[in-house]
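> The following file, protein.cif, comprises mmCIF, C-alpha atoms:
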```cif
data_final
#
loop_
_atom_site.label_atom_id
_atom_site.label_comp_id
_atom_site.auth_asym_id
_atom_site.auth_seq_id
_atom_site.Cartn_x
_atom_site.Cartn_y
_atom_site.Cartn_z
CA MET A 1 0.00 0.00 0.00
CA SER A 2 1.35 3.43 -0.81
CA ARG A 3 2.50 5.85 1.94
CA VAL A 4 -0.28 8.31 1.13
CA ILE A 5 -2.99 5.68 1.57
CA LEU A 6 -1.40 4.49 4.83
CA GLU A 7 -1.27 8.08 6.10
CA THR A 8 -4.89 8.67 5.16
CA LEU A 9 -5.95 5.48 6.91
CA SER A 10 -3.96 6.41 9.99
CA GLU A 11 -5.45 9.92 9.98
CA GLN A 12 -8.96 8.55 9.67
CA LYS A 13 -8.30 6.09 12.49
CA PHE A 14 -6.98 8.90 14.66
CA LEU A 15 -10.04 11.06 14.06
CA GLU A 16 -12.40 8.20 14.77
CA LEU A 17 -10.60 7.29 17.99
CA VAL A 18 -10.62 10.89 19.22
CA ALA A 19 -14.29 11.26 18.33
CA LYS A 20 -15.09 8.03 20.13
CA HIS A 21 -13.21 8.97 23.30
CA GLN A 22 -13.81 12.72 23.25
CA ASN A 23 -15.57 12.45 26.58
CA ILE A 24 -12.12 12.16 28.16
CA ILE A 25 -11.08 15.50 26.66
CA HIS A 26 -14.35 17.12 27.72
CA LYS A 27 -13.83 15.96 31.31
CA VAL A 28 -10.26 17.28 31.40
CA CYS A 29 -11.40 20.60 29.90
CA ARG A 30 -14.23 20.84 32.42
CA LEU A 31 -11.81 20.42 35.31
CA TYR A 32 -9.25 22.93 34.10
CA THR A 33 -11.21 25.77 32.54
CA ALA A 34 -13.28 28.65 33.81
CA ASP A 35 -15.98 28.99 31.17
CA ARG A 36 -17.34 27.51 27.99
CA ASP A 37 -15.06 29.54 25.70
CA ASP A 38 -11.98 28.37 27.60
CA HIS A 39 -13.39 24.85 27.47
CA ALA A 40 -13.65 25.02 23.67
CA ASP A 41 -10.15 26.53 23.42
CA LEU A 42 -8.62 23.83 25.57
CA PHE A 43 -10.47 21.12 23.66
CA GLN A 44 -8.96 22.46 20.46
CA GLU A 45 -5.50 22.70 22.02
CA ILE A 46 -5.65 19.12 23.24
CA THR A 47 -6.80 17.93 19.80
CA ILE A 48 -3.82 19.72 18.22
CA LYS A 49 -1.42 18.18 20.75
CA LEU A 50 -2.90 14.71 20.21
CA TRP A 51 -2.44 15.08 16.48
CA LEU A 52 1.14 16.35 16.90
CA GLY A 53 1.97 13.45 19.20
CA TYR A 54 0.11 10.77 17.24
CA PRO A 55 3.04 9.87 14.93
CA THR A 56 5.16 9.08 18.02
CA TYR A 57 2.38 7.14 19.80
CA LYS A 58 3.75 3.62 19.74
CA GLY A 59 0.81 1.81 21.23
CA ASP A 60 2.77 0.88 24.37
CA ALA A 61 -0.08 2.31 26.43
CA SER A 62 -3.76 2.04 25.55
CA PHE A 63 -5.11 4.84 23.38
CA THR A 64 -7.22 6.23 26.22
CA THR A 65 -4.28 6.21 28.68
CA TRP A 66 -2.25 8.09 26.07
CA MET A 67 -5.16 10.50 25.60
CA TYR A 68 -5.31 11.19 29.34
CA ARG A 69 -1.57 11.78 29.35
CA VAL A 70 -1.58 14.26 26.47
CA ALA A 71 -4.79 15.97 27.58
CA LEU A 72 -3.61 16.42 31.17
CA ASN A 73 -0.15 17.53 30.05
CA THR A 74 -1.74 20.19 27.87
CA ALA A 75 -4.20 21.30 30.54
CA ILE A 76 -1.54 21.53 33.25
CA SER A 77 0.84 23.53 31.06
CA MET A 78 -1.74 26.01 29.84
CA LYS A 79 -2.05 29.22 31.79
CA ARG A 80 -5.57 30.26 32.63
CA ARG A 81 -7.88 31.35 35.37
CA THR A 82 -8.82 28.70 37.86
CA LYS A 83 -12.31 29.90 38.74
CA VAL A 84 -15.27 27.61 38.34
CA TYR A 85 -17.64 28.10 35.44
CA GLN A 86 -18.91 31.60 35.97
CA ASN A 87 -22.08 31.56 33.97
CA MET A 88 -22.84 27.92 34.34
CA GLN A 89 -26.45 27.10 33.80
CA PRO A 90 -27.97 24.10 35.53
CA LEU A 91 -27.03 21.08 33.51
CA GLN A 92 -29.53 19.55 31.17
CA PRO A 93 -29.95 15.91 32.07
CA ASN A 94 -30.76 13.28 29.49
CA GLN A 95 -34.53 13.25 29.54
CA ASP A 96 -35.50 9.89 30.89
CA THR A 97 -32.58 8.73 32.96
CA ALA A 98 -31.00 11.15 35.37
CA GLU A 99 -34.10 13.02 36.44
CA GLU A 100 -35.76 9.85 37.61
CA GLU A 101 -32.65 8.64 39.36
CA ASN A 102 -31.90 11.80 41.23
CA PRO A 103 -33.76 15.06 40.81
CA ILE A 104 -31.04 17.09 42.52
CA GLY A 105 -28.22 15.41 40.60
CA ASP A 106 -27.31 18.60 38.74
CA GLN A 107 -26.56 20.53 41.89
CA GLU A 108 -24.42 17.75 43.29
CA ILE A 109 -22.36 17.61 40.13
CA ILE A 110 -21.91 21.38 40.20
CA ALA A 111 -20.88 21.15 43.85
CA LEU A 112 -18.38 18.41 43.03
CA TYR A 113 -16.87 20.51 40.24
CA LYS A 114 -16.66 23.49 42.58
CA ALA A 115 -14.89 21.38 45.18
CA ILE A 116 -12.43 19.99 42.62
CA ASP A 117 -11.76 23.55 41.57
CA HIS A 118 -10.15 24.13 44.96
CA LEU A 119 -7.52 21.49 44.22
CA ASP A 120 -4.25 22.34 42.51
CA ARG A 121 -3.60 21.22 38.93
CA ILE A 122 -1.77 18.04 39.89
CA GLU A 123 -4.41 17.04 42.44
CA ARG A 124 -7.12 17.59 39.81
CA ALA A 125 -5.31 15.23 37.44
CA LEU A 126 -5.02 12.61 40.16
CA ILE A 127 -8.63 12.86 41.26
CA LEU A 128 -9.86 12.73 37.66
CA LEU A 129 -7.96 9.51 36.99
CA TYR A 130 -9.12 8.06 40.29
CA LEU A 131 -12.77 8.93 39.64
CA GLU A 132 -12.46 7.47 36.16
CA GLU A 133 -11.65 4.15 37.85
CA LYS A 134 -8.06 4.00 36.62
CA SER A 135 -5.80 1.56 38.43
CA TYR A 136 -2.81 2.79 40.44
CA GLN A 137 -0.56 1.44 37.70
CA GLU A 138 -2.42 3.38 35.00
CA ILE A 139 -2.33 6.55 37.11
CA ALA A 140 1.40 6.02 37.66
CA ASP A 141 1.88 5.59 33.89
CA VAL A 142 0.12 8.87 33.16
CA MET A 143 1.68 10.89 35.97
CA GLY A 144 5.18 9.42 35.80
CA ILE A 145 5.41 8.60 39.50
CA THR A 146 5.55 5.30 41.37
CA LYS A 147 2.45 3.35 42.42
CA THR A 148 3.31 3.97 46.07
CA HIS A 149 3.58 7.69 45.43
CA VAL A 150 0.21 7.58 43.65
CA GLY A 151 -1.30 5.91 46.71
CA VAL A 152 0.13 8.47 49.12
CA LYS A 153 -0.92 11.43 47.00
CA LEU A 154 -4.39 10.02 46.36
CA VAL A 155 -5.10 9.53 50.04
CA ARG A 156 -4.20 13.18 50.71
CA THR A 157 -6.14 14.47 47.73
CA LYS A 158 -9.28 12.47 48.55
CA LYS A 159 -9.14 13.67 52.14
CA LYS A 160 -8.77 17.25 50.95
CA LEU A 161 -11.69 16.88 48.54
CA GLU A 162 -13.91 15.35 51.21
CA THR A 163 -13.07 18.18 53.61
CA ILE A 164 -13.86 20.79 50.97
CA MET A 165 -17.18 19.13 50.15
CA ARG A 166 -18.09 18.81 53.81
CA LYS A 167 -17.39 22.51 54.33
CA MET A 168 -19.43 23.38 51.26
CA ASN A 169 -22.37 21.35 52.58
CA GLN A 170 -22.35 23.04 55.98
CA MET B 1 -19.53 13.29 52.22
CA GLN B 2 -17.88 9.91 51.74
CA GLU B 3 -15.64 8.65 48.96
CA ASP B 4 -18.39 6.42 47.56
CA ASP B 5 -20.83 9.33 47.35
CA ILE B 6 -18.28 11.34 45.36
CA LYS B 7 -17.82 8.44 42.95
CA LYS B 8 -21.58 8.07 42.56
CA ILE B 9 -21.91 11.75 41.66
CA TRP B 10 -19.00 11.49 39.23
CA ASN B 11 -20.48 8.48 37.51
CA ARG B 12 -23.61 10.48 36.76
CA ILE B 13 -21.62 13.05 34.78
CA ASP B 14 -21.78 11.01 31.58
CA LYS B 15 -25.57 11.25 31.74
CA HIS B 16 -25.35 15.05 31.95
CA PRO B 17 -23.47 16.12 28.85
CA GLU B 18 -22.66 19.83 29.05
CA GLN B 19 -20.90 20.03 25.73
CA GLN B 20 -22.15 18.69 22.47
CA ASP B 21 -20.03 15.97 21.00
CA TYR B 22 -17.90 16.96 18.03
CA SER B 23 -18.25 15.04 14.79
CA VAL B 24 -15.24 13.50 13.06
CA ASP B 25 -15.23 16.39 10.57
CA GLU B 26 -15.27 18.96 13.34
CA ILE B 27 -12.36 17.23 15.08
CA ALA B 28 -10.48 17.18 11.78
CA ALA B 29 -10.98 20.95 11.54
CA LEU B 30 -9.99 21.56 15.17
CA ARG B 31 -6.79 19.57 14.71
CA LYS B 32 -5.66 21.92 11.94
CA ALA B 33 -6.24 25.09 13.95
CA ARG B 34 -3.40 27.24 15.29
CA SER B 35 -2.18 26.38 18.73
CA LYS B 36 -2.49 29.10 21.37
CA ASP B 37 -0.40 27.64 24.15
CA PHE B 38 2.89 28.88 25.53
CA SER B 39 5.14 26.79 23.30
CA ALA B 40 3.25 28.06 20.25
CA TRP B 41 3.75 31.59 21.59
CA ILE B 42 7.50 30.97 21.94
CA ARG B 43 7.63 29.54 18.43
CA SER B 44 5.77 32.43 16.83
CA SER B 45 7.69 35.07 18.78
CA LEU B 46 10.93 33.40 17.70
CA ALA B 47 9.72 33.22 14.09
CA PHE B 48 8.89 36.92 14.18
CA ASP B 49 12.28 37.74 15.69
CA ILE B 50 14.15 35.58 13.18
CA ALA B 51 12.33 37.38 10.33
CA LEU B 52 13.14 40.77 11.89
CA LYS B 53 16.79 39.86 12.42
CA SER B 54 17.08 38.56 8.85
CA LEU B 55 15.67 41.85 7.55
CA VAL B 56 18.16 43.85 9.66
CA LEU B 57 20.93 41.55 8.43
CA ALA B 58 20.02 42.20 4.79
CA ILE B 59 19.83 45.98 5.38
CA LEU B 60 23.17 45.99 7.22
CA ILE B 61 24.90 44.08 4.44
CA VAL B 62 23.78 46.76 1.97
CA LEU B 63 24.83 49.53 4.40
CA VAL B 64 28.28 48.02 4.97
CA VAL B 65 28.83 47.83 1.23
CA ILE B 66 27.79 51.48 0.85
CA LEU B 67 29.87 52.61 3.85
CA ARG B 68 32.91 50.46 3.07
CA HIS B 69 35.16 53.57 2.92
CA GLN B 70 34.16 54.67 6.44
CA PRO B 71 35.99 52.26 8.75
CA VAL B 72 34.10 52.90 12.05
CA PRO B 73 30.50 52.51 10.80
CA ALA B 74 31.54 49.74 8.42
CA LEU B 75 33.21 47.82 11.25
CA ALA B 76 30.23 48.39 13.56
CA GLY B 77 27.90 47.10 10.83
CA LEU B 78 30.18 44.15 10.19
CA GLY B 79 30.27 43.29 13.89
CA ILE B 80 26.48 43.23 14.03
CA ILE B 81 26.33 41.14 10.85
CA VAL B 82 28.62 38.54 12.43
CA LEU B 83 26.53 38.55 15.63
CA LEU B 84 23.32 38.15 13.63
CA GLY B 85 24.92 35.33 11.67
CA LEU B 86 25.43 33.49 14.98
CA LEU B 87 22.19 34.43 16.69
CA ILE B 88 19.76 33.55 13.88
CA PRO B 89 20.82 29.85 13.68
CA TYR B 90 20.70 29.65 17.50
CA GLU B 91 17.12 30.94 17.51
CA ILE B 92 16.19 28.49 14.75
CA SER B 93 17.60 25.61 16.82
CA ILE B 94 15.67 26.76 19.92
CA ARG B 95 12.50 26.90 17.83
CA LYS B 96 13.07 23.34 16.62
CA THR B 97 13.61 22.15 20.20
CA VAL B 98 10.30 23.72 21.28
CA LEU B 99 8.51 21.84 18.52
CA LYS B 100 10.26 18.61 19.53
CA ILE B 101 9.20 19.00 23.17
CA ASP B 102 5.65 19.62 21.98
CA ARG B 103 5.55 16.36 20.05
CA GLN B 104 6.74 14.08 22.81
CA ASN B 105 4.47 11.63 24.50
CA SER B 106 6.11 11.70 27.88
CA THR B 107 4.45 11.29 31.26
CA ILE B 108 3.30 14.40 33.12
CA LYS B 109 6.36 14.39 35.38
CA GLU B 110 8.82 13.87 32.52
CA SER B 111 7.12 16.53 30.48
CA LEU B 112 7.19 19.03 33.35
CA ILE B 113 10.86 18.33 34.07
CA GLU B 114 11.68 18.74 30.39
CA LYS B 115 9.76 22.00 30.05
CA VAL B 116 11.12 23.49 33.28
CA THR B 117 14.70 22.52 32.42
CA PHE B 118 14.35 23.89 28.91
CA LEU B 119 12.78 27.16 30.06
CA LYS B 120 15.49 27.62 32.71
CA ARG B 121 18.18 26.94 30.15
CA ILE B 122 16.87 29.43 27.60
CA PHE B 123 15.41 31.97 30.03
CA TYR B 124 18.30 34.45 30.11
CA PRO B 125 19.91 33.78 26.70
CA ILE B 126 16.62 34.10 24.84
CA GLN B 127 15.68 37.33 26.63
CA VAL B 128 19.00 38.91 25.68
CA ILE B 129 19.03 37.54 22.14
CA GLN B 130 15.45 38.52 21.30
CA ASN B 131 15.78 41.98 22.82
CA LEU B 132 19.08 42.65 21.03
CA THR B 133 17.10 42.93 17.79
CA TYR B 134 15.83 46.39 18.78
CA PRO B 135 19.26 47.98 19.39
CA PHE B 136 20.33 46.50 16.05
CA ILE B 137 17.32 48.17 14.42
CA VAL B 138 18.27 51.45 16.11
CA VAL B 139 21.86 51.21 14.81
CA ALA B 140 20.68 50.38 11.28
CA GLY B 141 18.08 53.16 11.52
CA LEU B 142 20.69 55.71 12.64
CA MET B 143 22.97 54.71 9.78
CA ILE B 144 20.15 55.10 7.24
CA TYR B 145 19.15 58.44 8.83
CA TYR B 146 22.64 59.92 8.54
CA LEU B 147 23.18 58.41 5.12
CA ILE B 148 20.03 60.04 3.76
CA ARG B 149 20.62 63.36 5.55
CA GLU B 150 24.36 63.76 5.13
CA GLY B 151 25.30 61.22 2.50
CA PHE B 152 27.79 59.74 4.98
CA ILE B 153 28.08 58.96 8.71
CA PRO B 154 29.55 62.04 10.41
CA PRO B 155 32.05 61.57 13.26
CA PHE B 156 30.17 61.34 16.55
CA VAL B 157 30.57 64.01 19.24
CA LEU B 158 29.58 63.47 22.89
CA HIS B 159 26.02 64.61 22.21
CA ASN B 160 25.54 61.99 19.46
CA TRP B 161 27.05 59.25 21.59
CA LEU B 162 24.73 60.10 24.48
CA ILE B 163 21.57 60.17 22.39
CA SER B 164 22.33 57.06 20.36
CA GLY B 165 23.64 55.27 23.47
CA ALA B 166 20.47 56.10 25.38
CA LEU B 167 18.30 55.01 22.43
CA ILE B 168 20.16 51.70 22.16
CA ILE B 169 19.88 50.99 25.89
CA LEU B 170 16.21 51.97 25.99
CA SER B 171 15.34 49.91 22.93
CA PHE B 172 17.01 46.91 24.57
CA LEU B 173 15.28 47.37 27.89
CA LEU B 174 11.80 48.53 26.89
CA ILE B 175 10.32 45.13 26.04
CA LEU B 176 12.62 43.10 28.27
CA PRO B 177 10.45 43.35 31.42
CA VAL B 178 7.41 42.18 29.41
CA THR B 179 9.11 39.12 27.91
CA MET B 180 10.74 38.34 31.25
CA SER B 181 7.42 38.39 33.05
CA VAL B 182 5.75 36.20 30.39
CA TYR B 183 8.52 33.59 30.55
CA GLY B 184 8.79 33.92 34.33
CA PHE B 185 5.04 33.43 34.84
CA GLN B 186 5.01 30.25 32.79
CA LEU B 187 8.14 28.96 34.46
CA ARG B 188 6.72 29.56 37.95
CA ASN B 189 3.48 27.78 36.98
CA LEU B 190 5.28 24.73 35.64
CA GLN B 191 7.72 24.71 38.53
CA GLY B 192 4.78 24.84 40.96
CA CYS B 193 3.16 21.83 39.27
CA LEU B 194 6.45 19.95 39.31
CA ASN B 195 6.90 20.70 43.01
CA ALA B 196 3.39 19.43 43.67
CA LEU B 197 4.11 16.24 41.77
CA ALA B 198 7.72 15.47 42.57
CA GLY B 199 7.74 16.59 46.17
CA PRO B 200 9.05 19.84 47.60
CA ASP B 201 12.58 19.66 49.04
CA GLU B 202 15.15 20.26 46.36
CA MET B 203 12.65 21.64 43.83
CA GLU B 204 11.40 24.29 46.25
CA ILE B 205 14.89 25.33 47.25
CA GLU B 206 15.77 25.66 43.58
CA ALA B 207 12.56 27.62 42.91
CA ASP B 208 13.29 29.98 45.82
CA ARG B 209 16.80 30.54 44.53
CA TYR B 210 15.44 31.21 41.07
CA ASN B 211 12.78 33.65 42.35
CA ARG B 212 15.38 35.61 44.32
CA ARG B 213 17.64 35.84 41.28
CA GLN B 214 14.67 36.97 39.21
CA LYS B 215 13.80 39.76 41.67
CA VAL B 216 17.39 41.06 41.79
CA LEU B 217 17.58 41.07 38.00
CA SER B 218 14.23 42.88 37.68
CA ILE B 219 15.36 45.59 40.12
CA LEU B 220 18.61 45.95 38.20
CA LEU B 221 16.86 46.18 34.84
CA TYR B 222 14.30 48.72 36.02
CA SER B 223 17.10 50.80 37.54
CA ILE B 224 19.01 50.81 34.25
CA LEU B 225 15.79 51.64 32.40
CA GLY B 226 15.17 54.57 34.80
CA ILE B 227 18.73 55.84 34.39
CA GLY B 228 18.39 55.55 30.60
CA ILE B 229 15.18 57.61 30.59
CA VAL B 230 16.69 60.27 32.90
CA LEU B 231 19.79 60.40 30.71
CA LEU B 232 17.69 60.86 27.59
CA ILE B 233 15.65 63.64 29.22
CA ILE B 234 18.83 65.43 30.33
CA VAL B 235 20.31 65.20 26.82
CA MET B 236 17.03 66.46 25.29
CA LEU B 237 16.99 69.41 27.71
CA LEU B 238 20.61 70.27 26.95
#
```
For this file, write the structure as structure tokens.


Amino acid sequence: MSRVILETLSEQKFLELVAKHQNIIHKVCRLYTADRDDHADLFQEITIKLWLGYPTYKGDASFTTWMYRVALNTAISMKRRTKVYQNMQPLQPNQDTAEEENPIGDQEIIALYKAIDHLDRIERALILLYLEEKSYQEIADVMGITKTHVGVKLVRTKKKLETIMRKMNQ
Amino acid sequence: MQEDDIKKIWNRIDKHPEQQDYSVDEIAALRKARSKDFSAWIRSSLAFDIALKSLVLAILIVLVVILRHQPVPALAGLGIIVLLGLLIPYEISIRKTVLKIDRQNSTIKESLIEKVTFLKRIFYPIQVIQNLTYPFIVVAGLMIYYLIREGFIPPFVLHNWLISGALIILSFLLILPVTMSVYGFQLRNLQGCLNALAGPDEMEIEADRYNRRQKVLSILLYSILGIGIVLLIIVMLL
């Protein structure tokens, strides 16, 4: 197969994979930006960085782990305000599911975001990976620290988050 | 609130999409957009400076040829040409390194170490090199001014030395505080993240040392800038 065809196939695969897992990027953006414009800007920035890094992605980590790594690297390095969404409207739940499950779900999610906003950039990365059910090994692979270090830092971060949320609820 | 409650809330997020999903075509368009992050800023500011330096280089080559019978201005022009010949390739290599760092798939810690080390390494050289462009423009501008007005570069008296000296110093220092604060801000941010990730100790000591050095240099630069302005005002009044 010619190089051009291979490149086109690889490009198409990249786009499909990013589209499929874009929720990861949205979550990272949500945790690191102050409003919807910043969110869109960061999403774009992460997409650019993923595309730049794609030729050197060797498949040694899963695509999503690599996505977390690039997305968090980009978010941490970008300078921006760290306020919570200023003009955030109550979230629109999917019609039949969330409303039935928990009518005040929106407010709890907003409160959780606000609490996470009090964490520093590294703690946010850790808590995101933890909440996304990543194993200690996967978190260590993204962050570049040992599993033991992940454990120590996670305990502190979770404690901090719980304290913040408790204070917010009082 | 307990850990499990937090997880339960988090798991509901997927059912509450705040942002509309992008289509494959939209992602393809986003991927081609211009980056706005700090490394892109460094790259474009370097590209602009390289273009500016190349233009000054071309102008100076012409000026040196025209002024070849006047040893002092010709030698001054030649000196700057040699300097530009060294500085332009250095800036090109820095620009390439920035792009290389951007394309790496390292872990967060590795990436932070790499960025902090790189920024520390280029912090002072790049400030000096980029800001030298403006004095070079002033020198070339003065040469063109005298060449058009007098047809040659007249011998400088004290008055000329003071004015051109003050202009050269001011042109060098005017933008320096701005670029220093931009680089410094980014460096402090990244260093802060690295400290948070890698543990304080050595990193914090190093950061403190760096911050102290930065403050001393800022005071020094602002003092020179102040002296330059006062000097220029005195010369204007005389």

> Pull out every residue that the PyMOL selection byres ((chain A) within 8 of (chain B)) matches in the shown coordinates and put them as a VMD selection string.

chain A and resid 15 to 16 18 to 19 22 to 23 26 44 to 45 47 to 49 51 to 53 56 to 57 66 69 to 70 72 to 73 76 to 79 91 to 94 97 to 98 105 to 106 108 to 109 112 121 to 122 131 141 to 145 158 162 165 to 166

> So what do you get for atom CA of B:Phe152 versus atom CA of B:Leu52, distance-wise?

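We find that atom CA of B:Phe152 and atom CA of B:Leu52 lie 24.9 Å from each other.
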
> Determine the axis-aligned bounding box of all atoms of stretch 111-118 of chain A present in the file, pad each side by 8 Å, and express its centre and edge lengths in Å to one decimal place as AutoDock Vina command-line options.


```
--center_x -15.5 --center_y 21.3 --center_z 42.7 --size_x 26.7 --size_y 21.7 --size_z 20.9
```

> Would you kindly translate the PyMOL selection byres ((chain B and resi 225) around 12) into the concrete residues it picks from this file, as a ChimeraX atom specification?

/B:166-177,218-224,226-232

> Written as a list in words, which residues does the PyMOL selection byres ((chain A and resi 39) around 10) give for the file shown?

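With the PyMOL selection byres ((chain A and resi 39) around 10) on this model, the match is Ile25, His26, Lys27, Val28, Cys29, Arg30, Leu31, Tyr32, Thr33, Ala34, Asp35, Arg36, Asp37, Asp38, Ala40, Asp41, Leu42, Phe43, Gln44, Glu45 and Tyr85 of chain A; Gln19 of chain B.
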
> Mind checking which residues fall within 7 Å of stretch 83-91 of chain B, counting all atoms listed in the file, ignoring those fewer than 4 positions away in the same chain, and posting them as a ChimeraX atom specification?

/B:46,50,53,57,79,95

> With C-alpha atoms retained, write the just-selected residues as a tab-separated table (two decimals), keeping the file's coordinate frame.


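Contents of the output file part.tsv:
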```tsv
chain	number	residue	atom	x	y	z
B	46	LEU	CA	10.93	33.40	17.70
B	50	ILE	CA	14.15	35.58	13.18
B	53	LYS	CA	16.79	39.86	12.42
B	57	LEU	CA	20.93	41.55	8.43
B	79	GLY	CA	30.27	43.29	13.89
B	95	ARG	CA	12.50	26.90	17.83
```

> One decimal, in Å: what's the spacing between atom CA of A:Thr157 and atom CA of A:Leu126?

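Result for atom CA of A:Thr157 versus atom CA of A:Leu126: 7.9 Å, one decimal.
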
> Residues at most 9 Å from stretch 141-146 of chain B, counting only C-alpha atoms, excluding those fewer than 6 positions away in the same chain, as a VMD selection string?

chain B and resid 63 73 152 to 154 164

> List the neighbours of A:Gln137 out to 12 Å using all atoms listed in the file; skip same-chain residues closer than 6 positions along the sequence, and give me the result as an MDAnalysis selection string.

chainID A and resid 61 65 129:130 143:151

> Any idea what the distance is between atom CA of A:Lys20 and atom CA of A:Leu154?

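Taking atom CA of A:Lys20 as the start and atom CA of A:Leu154 as the end point, the length is 28.4 Å.
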